[in-house]
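Have a look at query.txt; it's compact mmCIF, C-alpha atoms:
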```txt
# COMPACT_ATOMS: atom_id res chain seq x y z
CA MET A 26 10.44 19.84 17.52
CA ARG A 27 8.70 17.48 15.07
CA SER A 28 5.31 17.26 16.74
CA TYR A 29 2.19 18.64 15.05
CA ASP A 30 -1.31 18.88 16.42
CA PHE A 31 -3.93 17.94 13.79
CA THR A 32 -6.87 18.27 16.18
CA PRO A 33 -8.24 21.47 14.54
CA LEU A 34 -8.33 19.65 11.19
CA PHE A 35 -10.32 16.76 12.69
CA ARG A 36 -12.94 19.20 13.98
CA SER A 37 -13.52 20.92 10.64
CA SER A 38 -13.33 18.09 8.11
CA VAL A 39 -15.51 15.14 7.24
CA GLY A 40 -14.41 12.06 5.32
CA PHE A 41 -10.68 12.71 5.44
CA ASP A 42 -9.98 10.14 8.15
CA ARG A 43 -7.53 8.17 6.04
CA MET A 44 -5.54 11.29 5.11
CA MET A 45 -5.37 12.36 8.74
CA ARG A 46 -4.22 8.88 9.75
CA LEU A 47 -1.48 9.04 7.09
CA LEU A 48 -0.27 12.41 8.32
CA ASP A 49 -0.32 11.26 11.93
CA THR A 50 1.58 8.06 11.08
CA ALA A 51 4.18 9.95 9.06
CA THR A 52 4.95 12.33 11.91
CA ARG A 53 5.29 9.52 14.46
CA ALA A 54 7.58 7.30 12.38
CA ASP A 55 10.57 5.90 14.22
CA GLU A 56 13.55 6.60 11.95
CA SER A 57 15.61 3.71 13.33
CA ALA A 58 12.88 1.27 12.28
CA LEU A 59 12.84 2.68 8.74
CA SER A 60 16.24 1.28 7.81
CA TYR A 61 15.58 -2.49 7.99
CA PRO A 62 15.03 -4.20 5.68
CA PRO A 63 16.03 -1.91 2.82
CA TYR A 64 13.54 -1.61 -0.03
CA ASN A 65 12.87 0.04 -3.39
CA ILE A 66 9.59 1.22 -4.87
CA GLU A 67 9.61 1.42 -8.65
CA LYS A 68 7.10 2.21 -11.36
CA THR A 69 7.13 -0.63 -13.90
CA GLY A 70 4.35 0.54 -16.21
CA GLU A 71 1.54 3.01 -16.80
CA SER A 72 -0.36 1.72 -13.74
CA ALA A 73 2.00 -0.92 -12.36
CA TYR A 74 4.42 -0.74 -9.44
CA ARG A 75 6.89 -3.06 -7.71
CA ILE A 76 8.19 -3.06 -4.16
CA THR A 77 11.53 -4.87 -3.81
CA MET A 78 12.79 -5.72 -0.34
CA ALA A 79 16.20 -7.14 0.54
CA VAL A 80 15.38 -10.09 2.81
CA ALA A 81 18.63 -12.06 2.69
CA GLY A 82 18.55 -15.19 4.80
CA PHE A 83 14.75 -15.47 4.97
CA ALA A 84 12.89 -18.41 3.45
CA GLU A 85 9.41 -18.17 1.92
CA ASP A 86 7.77 -19.72 4.99
CA GLU A 87 9.41 -17.10 7.24
CA LEU A 88 7.80 -14.18 5.39
CA ASN A 89 4.19 -13.02 5.55
CA ILE A 90 2.44 -10.58 3.20
CA SER A 91 -1.07 -9.32 3.97
CA VAL A 92 -3.35 -6.52 2.78
CA GLN A 93 -6.06 -5.11 5.02
CA GLU A 94 -7.98 -1.85 4.66
CA GLY A 95 -5.53 -0.32 2.20
CA VAL A 96 -2.41 -1.23 4.15
CA LEU A 97 0.14 -3.70 2.78
CA THR A 98 2.04 -5.37 5.62
CA VAL A 99 5.22 -7.38 5.04
CA SER A 100 6.66 -9.16 8.05
CA GLY A 101 9.41 -11.63 8.60
CA LYS A 102 10.38 -13.81 11.52
CA ALA A 103 13.33 -16.16 11.21
CA HIS A 104 13.01 -19.62 12.67
CA ARG A 105 15.65 -20.68 15.14
CA ASP A 106 18.62 -22.42 13.62
CA GLU A 107 18.24 -26.14 14.27
CA GLU A 108 21.94 -26.66 14.15
CA GLN A 109 24.02 -24.99 16.80
CA ALA A 110 26.55 -23.30 14.53
CA GLN A 111 29.32 -21.27 16.07
CA PHE A 112 29.73 -18.01 14.18
CA LEU A 113 32.97 -16.07 14.17
CA HIS A 114 31.14 -13.19 12.48
CA ARG A 115 27.43 -12.88 11.75
CA GLY A 116 26.80 -10.02 9.35
CA ILE A 117 23.52 -11.20 7.81
CA ALA A 118 20.77 -9.74 9.94
CA ARG A 119 17.84 -12.11 10.33
CA ARG A 120 16.00 -10.12 12.93
CA ALA A 121 12.24 -9.94 12.87
CA PHE A 122 10.68 -7.03 11.03
CA GLU A 123 7.36 -5.57 10.02
CA ARG A 124 7.07 -3.01 7.23
CA ARG A 125 3.79 -1.27 6.34
CA PHE A 126 2.91 0.48 3.09
CA GLU A 127 -0.23 2.63 2.72
CA LEU A 128 -1.82 1.81 -0.63
CA ALA A 129 -3.70 4.39 -2.69
CA ASP A 130 -7.25 3.78 -3.84
CA PHE A 131 -7.67 0.98 -6.40
CA ILE A 132 -4.13 -0.42 -5.89
CA GLN A 133 -4.22 -4.23 -5.89
CA VAL A 134 -1.45 -6.69 -5.00
CA LYS A 135 -0.96 -8.97 -8.01
CA GLY A 136 1.67 -11.32 -6.62
CA ALA A 137 5.00 -11.77 -4.90
CA THR A 138 8.20 -13.66 -5.69
CA LEU A 139 11.32 -14.40 -3.70
CA ALA A 140 14.54 -14.77 -5.69
CA ASN A 141 18.20 -14.26 -4.78
CA GLY A 142 17.37 -12.75 -1.40
CA LEU A 143 15.00 -10.16 -2.89
CA LEU A 144 11.25 -10.15 -2.28
CA HIS A 145 9.36 -8.61 -5.21
CA ILE A 146 5.75 -7.52 -4.65
CA ASP A 147 3.89 -6.51 -7.81
CA LEU A 148 1.10 -3.94 -7.57
CA VAL A 149 -1.32 -2.60 -10.16
CA ARG A 150 -3.86 0.21 -10.17
CA GLU A 151 -7.24 -1.13 -11.37
CA VAL A 152 -9.84 1.60 -11.58
CA PRO A 153 -13.39 0.17 -11.81
CA GLU A 154 -15.29 0.89 -15.03
CA ALA A 155 -17.86 2.96 -13.13
CA MET A 156 -15.09 5.29 -11.91
CA LYS A 157 -13.38 5.78 -15.30
CA PRO A 158 -14.17 8.92 -17.25
CA ARG A 159 -16.51 8.43 -20.18
CA THR A 160 -17.55 10.61 -23.06
CA VAL A 161 -21.12 11.44 -23.99
CA LYS A 162 -21.92 11.70 -27.69
CA ILE A 163 -23.66 14.84 -28.86
CA ALA A 164 -26.39 13.99 -31.34
CA ALA A 165 -27.02 16.29 -34.29
CA GLY A 166 -30.50 17.46 -35.21
CA GLU A 167 -33.61 18.46 -33.34
CA PRO A 168 -34.17 17.33 -29.75
CA LYS A 169 -36.74 14.60 -29.34
CA GLN A 170 -40.16 15.70 -28.19
CA PRO A 171 -41.36 14.12 -24.94
CA ASN A 172 -44.06 11.48 -25.19
CA VAL A 173 -47.42 12.78 -24.00
CA ILE A 174 -49.45 10.13 -22.19
CA GLU A 175 -52.62 12.14 -21.60
CA GLY A 176 -53.40 15.41 -23.28
CA LYS A 177 -55.28 16.98 -20.36
CA ALA A 178 -54.36 20.39 -19.02
CA ALA A 179 -53.25 20.60 -15.45
```
Structure rendered as structure tokens:
Amino acid sequence: MRSYDFTPLFRSSVGFDRMMRLLDTATRADESALSYPPYNIEKTGESAYRITMAVAGFAEDELNISVQEGVLTVSGKAHRDEEQAQFLHRGIARRAFERRFELADFIQVKGATLANGLLHIDLVREVPEAMKPRTVKIAAGEPKQPNVIEGKAA
């Protein structure tokens, strides 16, 4: 049995909606849908990543990449063959697909390329300056005295 009930967690937590949605999605995943098209996720730098998908037979205009609310969606739908070719064997699958990737905070899609049947999607983590850690200098000497505006007692 692979079914989990996360209802008690929803009742006792605030602000973890995205995490709960991830857990719920992971437990409901259809394993037959996870095999097509095959893909790799690689780390290409300190804060850079690349998703590579094998999309043999698809043209650029048959693929769609979109990002919405932290979810990267890659879909493909092959156009009908204009010519009525008679295949003796058809081993290149051109069936429609939709693959979703949950992106972590501050992950941005930088671009995509299609070459030799492989779709490369480049990602980078860009943390805003306000969120980066910063150091505070410690000044030597005596602390500054506050400015007194009026010298009256309270």
In terms of only C-alpha atoms, the residue from A:Leu128, A:Leu148, A:Ala84, A:Ile163 at minimal distance from Leu47 (chain A) is A:Leu128
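The closest residue to Ile132 (chain A), picked from A:Glu167, A:Glu175, A:Glu154, A:Glu94 and counting all atoms listed in the file, is A:Glu94.
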Find the residues near Ala129 (chain A): any atom within 9 Å, counting only C-alpha atoms, skip ones fewer than 6 places away on the same chain, and give them as JSON, numbers by chain. {"A": [95, 96, 150]}
Pull C-alpha atoms from the residues just selected and write them as a PDB file, keeping the file's coordinate frame.
```
ATOM      1  CA  GLY A  95      -5.530  -0.320   2.200  1.00  0.00           C
ATOM      2  CA  VAL A  96      -2.410  -1.230   4.150  1.00  0.00           C
ATOM      3  CA  ARG A 150      -3.860   0.210 -10.170  1.00  0.00           C
TER       4      ARG A 150
END
```
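Across the structure, CA of Gly116 (chain A) and CA of Gly82 (chain A) are spaced 10.7 Å apart.
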From CA of Gly142 (chain A) to CA of Ala121 (chain A) the spacing works out at 15.4 Å
Which is closer to Val80 (chain A) than all the others in A:Gln93, A:Asn141, A:Gln109, A:Asn65, using only C-alpha atoms?
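Result for the nearest residue to Val80 (chain A): A:Asn141.
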Please determine an axis-aligned box that encloses all atoms of region 102-121 of chain A listed in the file, with 5 Å added on each side, and express its centre and edge lengths in Å to one decimal as AutoDock Vina command-line options.
```
--center_x 21.7 --center_y -18.2 --center_z 12.3 --size_x 32.6 --size_y 26.9 --size_z 19.0
```
Using all atoms listed in the file, the residue out of A:Arg75, A:Ile90, A:Gly136, A:Asp130 with shortest distance to Val152 (chain A) is A:Asp130
Length of the CA of Lys68 (chain A) to CA of Arg124 (chain A) vector [Å]: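 We find that CA of Lys68 (chain A) and CA of Arg124 (chain A) lie 19.3 Å from each other.
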Shortest contact to Phe83 (chain A), candidates A:Gly70, A:Pro168, A:Pro158, A:Pro62, atoms counted all atoms listed in the file, goes to A:Pro62
List the residues sitting within 12 Å of (19.6, -8.5, 11.6) in the file's frame, using all atoms listed in the file, as a PyMOL selection string.
-> chain A and resi 58+60-63+79-83+101-103+115-122
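Around Val92 (chain A), within 10 Å and counting all atoms listed in the file, the residues found are Thr98, Val99, Arg125, Phe126, Glu127, Leu128, Gln133 and Val134 of chain A, once anything fewer than 6 positions away on its own chain is removed.
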In terms of only C-alpha atoms, the residue from A:Leu143, A:Ala137, A:Phe131, A:Val173 at minimal distance from Lys157 (chain A) is A:Phe131
